[in-house]
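Student: Please read through the structure below; I'll follow up with questions.
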Amino acid sequence: KGTKVLHDVISSLFKESLIEELFKPQNMHNTTAVRALTDKLAHSSIMRLSEQSMNMLYDLMAMSLKYQLVRCKYPEQLMDITRNHILSMRKMVIDPSTVAAIDSFHGRLESKYSSLNNWEMMGVHHTLLKFFQDKRVQVSIFLQRGLQLKSGIIVRPPSDVLPPHFEQPGLIRYLNPDGSVTSEKRFPIAHTASLHSSKTPITTLGLDMYSSQSQAVTSSP
């Protein structure tokens, strides 16, 4: 039954009518609209939840996504997180039509958002964070791993990897009036982050939080 529930919910999530509606230019949905859509998707299968269980499911989903958004190291990483979501769902289904629908959505998503520059992705990130800013429900797995305070605030440790296209701090450039560089000088700093490179591991954010790989990466020291 669990497998059928997953298949039914994912199939409903990637219905063409819903995808077309999501890709229409529009303002950010409010909490009421998002909750209504979540309820509809959850009950699109044989699964039936009481109001209390639905509240708990929604809170868990919302806090899990907020955790991923807060832990996102730089705006462009939003795409990596979203790809993890999509590929994880794709592995859960076997129906060819649902797989095709997921692949179609993935293609449209890449086409629309992969070309956005860093400032545009920063705007997307800020909008999503603003939506969840007042959501502070305690989640046991976060509390156990030291990823959340008892107040409900998500813990965000400092990053030791600079975002793509960023330079290491400590460089002074001297410019001419026309903006051309005349000379450069570096000064020592106590600590500097390493540069992002193609060898930097893809984030585990967006993967199954209960997997051993995710636990090894997300657990706080």
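We name chains A, B, ... following the order of the structure tokens; residues begin at 1 in each chain, and ligands are numbered from 1 as shown.
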Hey, what's within 6 Å of segment 146-156 of chain A if we count only C-alpha atoms and toss same-chain stuff fewer than 3 positions away? As a PyMOL selection string, please?
Tutor: chain A and resi 71+136-138+142-143+220
Student: Please provide as a list in words all residues within 12 Å of Ala62 of chain A, with the sequence filter that same-chain residues fewer than 2 positions apart are discarded (counting only C-alpha atoms).
Tutor: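 Counting only the stated atoms, we get Thr31, Val34, Arg35, Thr38, Asn55, Met56, Leu57, Tyr58, Asp59, Leu60, Ser64, Leu65, Lys66, Tyr67, Gln68, Leu69, Leu128, Leu129, Phe131, Phe132, Gln133, Asp134, Lys135, Arg136, Val137, Gln138 and Val139 of chain A.
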Student: From the set A:Glu110, A:Glu20, A:Gln144, A:Glu184, which residue has the shortest atom-to-atom contact distance to Thr82 of chain A, counting only C-alpha atoms?
Tutor: A:Glu110
Student: Quick one: DSSP strand (DSSP E) residues in segment 7-175 of chain A, as a short mmCIF file (atom, residue, chain, number, x, y, z; two decimals) with N, CA, C and O atoms, in the first residue's frame?
Tutor:
data_model
loop_
_atom_site.label_atom_id
_atom_site.label_comp_id
_atom_site.auth_asym_id
_atom_site.auth_seq_id
_atom_site.Cartn_x
_atom_site.Cartn_y
_atom_site.Cartn_z
N LEU A 171 42.09 40.41 -1.04
CA LEU A 171 42.71 41.04 -2.21
C LEU A 171 42.29 42.51 -2.31
O LEU A 171 41.11 42.84 -2.23
N ILE A 172 43.30 43.40 -2.46
CA ILE A 172 43.05 44.82 -2.65
C ILE A 172 43.44 45.19 -4.07
O ILE A 172 44.56 44.88 -4.52
N ARG A 173 42.56 45.83 -4.80
CA ARG A 173 42.85 46.28 -6.16
C ARG A 173 42.91 47.82 -6.17
O ARG A 173 42.05 48.48 -5.60
N TYR A 174 43.91 48.34 -6.82
CA TYR A 174 44.06 49.79 -6.99
C TYR A 174 43.67 50.13 -8.43
O TYR A 174 44.16 49.51 -9.38
N LEU A 175 42.78 51.09 -8.59
CA LEU A 175 42.20 51.40 -9.89
C LEU A 175 42.55 52.80 -10.36
O LEU A 175 42.73 53.73 -9.55
#
Student: Determine, counting only C-alpha atoms, which protein, DNA and RNA residues have an atom within 10 Å of an atom of Thr98 of chain A; residues of the same chain fewer than 2 positions away are not included. Present the result as a PDB file with N, CA, C and O atoms, in the first residue's frame.
Tutor:
ATOM      1  N   HIS A   7       3.175   6.262  -5.529  1.00  0.00           N
ATOM      2  CA  HIS A   7       2.928   6.346  -6.966  1.00  0.00           C
ATOM      3  C   HIS A   7       1.766   7.282  -7.263  1.00  0.00           C
ATOM      4  O   HIS A   7       1.839   8.117  -8.187  1.00  0.00           O
ATOM      5  N   ASP A   8       0.683   7.152  -6.503  1.00  0.00           N
ATOM      6  CA  ASP A   8      -0.512   7.973  -6.746  1.00  0.00           C
ATOM      7  C   ASP A   8      -0.241   9.458  -6.493  1.00  0.00           C
ATOM      8  O   ASP A   8      -0.655  10.321  -7.275  1.00  0.00           O
ATOM      9  N   ILE A  10       2.735  11.051  -6.427  1.00  0.00           N
ATOM     10  CA  ILE A  10       3.692  11.595  -7.401  1.00  0.00           C
ATOM     11  C   ILE A  10       3.028  11.784  -8.757  1.00  0.00           C
ATOM     12  O   ILE A  10       3.259  12.777  -9.451  1.00  0.00           O
ATOM     13  N   SER A  11       2.187  10.840  -9.136  1.00  0.00           N
ATOM     14  CA  SER A  11       1.467  10.958 -10.411  1.00  0.00           C
ATOM     15  C   SER A  11       0.579  12.196 -10.415  1.00  0.00           C
ATOM     16  O   SER A  11       0.522  12.934 -11.417  1.00  0.00           O
ATOM     17  N   SER A  12      -0.101  12.457  -9.320  1.00  0.00           N
ATOM     18  CA  SER A  12      -0.963  13.640  -9.218  1.00  0.00           C
ATOM     19  C   SER A  12      -0.138  14.926  -9.233  1.00  0.00           C
ATOM     20  O   SER A  12      -0.547  15.938  -9.807  1.00  0.00           O
ATOM     21  N   LEU A  13       1.023  14.875  -8.602  1.00  0.00           N
ATOM     22  CA  LEU A  13       1.889  16.053  -8.532  1.00  0.00           C
ATOM     23  C   LEU A  13       2.357  16.497  -9.908  1.00  0.00           C
ATOM     24  O   LEU A  13       2.518  17.694 -10.164  1.00  0.00           O
ATOM     25  N   PHE A  14       2.571  15.531 -10.808  1.00  0.00           N
ATOM     26  CA  PHE A  14       3.105  15.849 -12.135  1.00  0.00           C
ATOM     27  C   PHE A  14       2.046  15.805 -13.235  1.00  0.00           C
ATOM     28  O   PHE A  14       2.374  15.655 -14.408  1.00  0.00           O
ATOM     29  N   LYS A  15       0.792  15.960 -12.845  1.00  0.00           N
ATOM     30  CA  LYS A  15      -0.270  16.049 -13.855  1.00  0.00           C
ATOM     31  C   LYS A  15      -0.058  17.289 -14.717  1.00  0.00           C
ATOM     32  O   LYS A  15       0.328  18.348 -14.212  1.00  0.00           O
ATOM     33  N   ARG A  90      11.665  10.328  -9.144  1.00  0.00           N
ATOM     34  CA  ARG A  90      11.722   9.516 -10.370  1.00  0.00           C
ATOM     35  C   ARG A  90      12.076   8.069 -10.045  1.00  0.00           C
ATOM     36  O   ARG A  90      11.589   7.134 -10.678  1.00  0.00           O
ATOM     37  N   VAL A  93       8.975   5.707  -8.864  1.00  0.00           N
ATOM     38  CA  VAL A  93       7.861   5.309  -9.732  1.00  0.00           C
ATOM     39  C   VAL A  93       8.347   4.397 -10.854  1.00  0.00           C
ATOM     40  O   VAL A  93       9.512   4.430 -11.250  1.00  0.00           O
ATOM     41  N   ILE A  94       7.442   3.568 -11.342  1.00  0.00           N
ATOM     42  CA  ILE A  94       7.763   2.652 -12.442  1.00  0.00           C
ATOM     43  C   ILE A  94       6.826   2.839 -13.630  1.00  0.00           C
ATOM     44  O   ILE A  94       7.117   2.356 -14.723  1.00  0.00           O
ATOM     45  N   ASP A  95       5.723   3.552 -13.397  1.00  0.00           N
ATOM     46  CA  ASP A  95       4.766   3.784 -14.488  1.00  0.00           C
ATOM     47  C   ASP A  95       5.412   4.654 -15.567  1.00  0.00           C
ATOM     48  O   ASP A  95       5.856   5.779 -15.272  1.00  0.00           O
ATOM     49  N   PRO A  96       5.490   4.181 -16.807  1.00  0.00           N
ATOM     50  CA  PRO A  96       6.165   4.936 -17.885  1.00  0.00           C
ATOM     51  C   PRO A  96       5.604   6.331 -18.101  1.00  0.00           C
ATOM     52  O   PRO A  96       6.354   7.277 -18.364  1.00  0.00           O
ATOM     53  N   ALA A 100       7.731   9.760 -17.692  1.00  0.00           N
ATOM     54  CA  ALA A 100       7.794  10.714 -18.802  1.00  0.00           C
ATOM     55  C   ALA A 100       7.363  12.105 -18.347  1.00  0.00           C
ATOM     56  O   ALA A 100       7.951  13.118 -18.762  1.00  0.00           O
ATOM     57  N   ALA A 101       6.341  12.167 -17.486  1.00  0.00           N
ATOM     58  CA  ALA A 101       5.859  13.455 -16.984  1.00  0.00           C
ATOM     59  C   ALA A 101       6.926  14.127 -16.109  1.00  0.00           C
ATOM     60  O   ALA A 101       7.124  15.349 -16.181  1.00  0.00           O
ATOM     61  N   ILE A 102       7.615  13.331 -15.292  1.00  0.00           N
ATOM     62  CA  ILE A 102       8.691  13.867 -14.451  1.00  0.00           C
ATOM     63  C   ILE A 102       9.829  14.394 -15.317  1.00  0.00           C
ATOM     64  O   ILE A 102      10.363  15.483 -15.081  1.00  0.00           O
ATOM     65  N   ASP A 103      10.201  13.630 -16.336  1.00  0.00           N
ATOM     66  CA  ASP A 103      11.284  14.051 -17.235  1.00  0.00           C
ATOM     67  C   ASP A 103      10.912  15.330 -17.984  1.00  0.00           C
ATOM     68  O   ASP A 103      11.753  16.218 -18.195  1.00  0.00           O
ATOM     69  N   SER A 104       9.653  15.431 -18.388  1.00  0.00           N
ATOM     70  CA  SER A 104       9.188  16.628 -19.087  1.00  0.00           C
ATOM     71  C   SER A 104       9.259  17.850 -18.174  1.00  0.00           C
ATOM     72  O   SER A 104       9.727  18.925 -18.585  1.00  0.00           O
TER      73      SER A 104
END
Student: How many Å separate atom CA of Met122 of chain A from atom CA of Asp80 of chain A?
Tutor: 14.3 Å
Student: Report the distance between atom CA of Ile202 of chain A and atom CA of Glu167 of chain A in Å, rounded to one decimal place.
Tutor: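 Between atom CA of Ile202 of chain A and atom CA of Glu167 of chain A the gap is 20.2 Å.
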Student: According to DSSP computed on the backbone, where in chain A is there alpha helix (DSSP H)? Give the residues as a VMD selection string.
Tutor: chain A and resid 2 to 13 16 to 22 31 to 42 51 to 71 77 to 92 96 to 113 118 to 132 140 to 144 212 to 218
Student: Would you list the contacts of segment 21-23 of chain A as a ChimeraX atom specification, taking every protein, DNA or RNA residue within 9 Å and counting only C-alpha atoms, but skipping same-chain residues closer than 4 positions in sequence?
Tutor: /A:16-17,108-109
Student: Nearest residue to Met121 of chain A out of A:Gln52, A:Ser97, A:Asn84, A:Gln77, using only C-alpha atoms?
Tutor: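 Once distances to Met121 of chain A are computed over only C-alpha atoms, the minimum belongs to A:Gln77.
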Student: I need the residue nearest Leu37 of chain A from this list: A:Leu18, A:Leu205, A:Ile81, A:Val99. Use only C-alpha atoms for the distance.
Tutor: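 Closest to Leu37 of chain A, using only C-alpha atoms: A:Leu18.
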Student: Give me the residues near Lys112 of chain A as a list in words, where near means some atom within 12 Å (using only C-alpha atoms) and where sequence neighbours in that chain fewer than 4 positions away do not count.
Tutor: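 Selected residues are Phe23, Lys24, Pro25, Met79, Phe105, His106, Gly107, Arg108, Leu116, Asn117, Glu120 and Met121 of chain A.
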Student: Considering only C-alpha atoms, state which residue in the set A:Thr127, A:Phe166, A:Asp208, A:Val161 is at the smallest distance from His29 of chain A.
Tutor: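 Ranking A:Thr127, A:Phe166, A:Asp208, A:Val161 by distance to His29 of chain A, first place goes to A:Thr127.
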Student: Kindly indicate which residue among A:Pro169, A:Pro164, A:Tyr113, A:Ala36 lies nearest to Lys185 of chain A, using only C-alpha atoms for the distances.
Tutor: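 Checking each of A:Pro169, A:Pro164, A:Tyr113, A:Ala36 against Lys185 of chain A, counting only C-alpha atoms, the winner is A:Pro169.
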Student: For a test of reading the model, state the distance in Å between atom CA of Met209 of chain A and atom CA of Trp119 of chain A, rounded to one decimal.
Tutor: 29.1 Å
Student: Ranking A:Ala42, A:Arg48, A:Arg145, A:Lys130 by minimum distance to Asn30 of chain A and counting only C-alpha atoms, which one comes first?
Tutor: A:Lys130
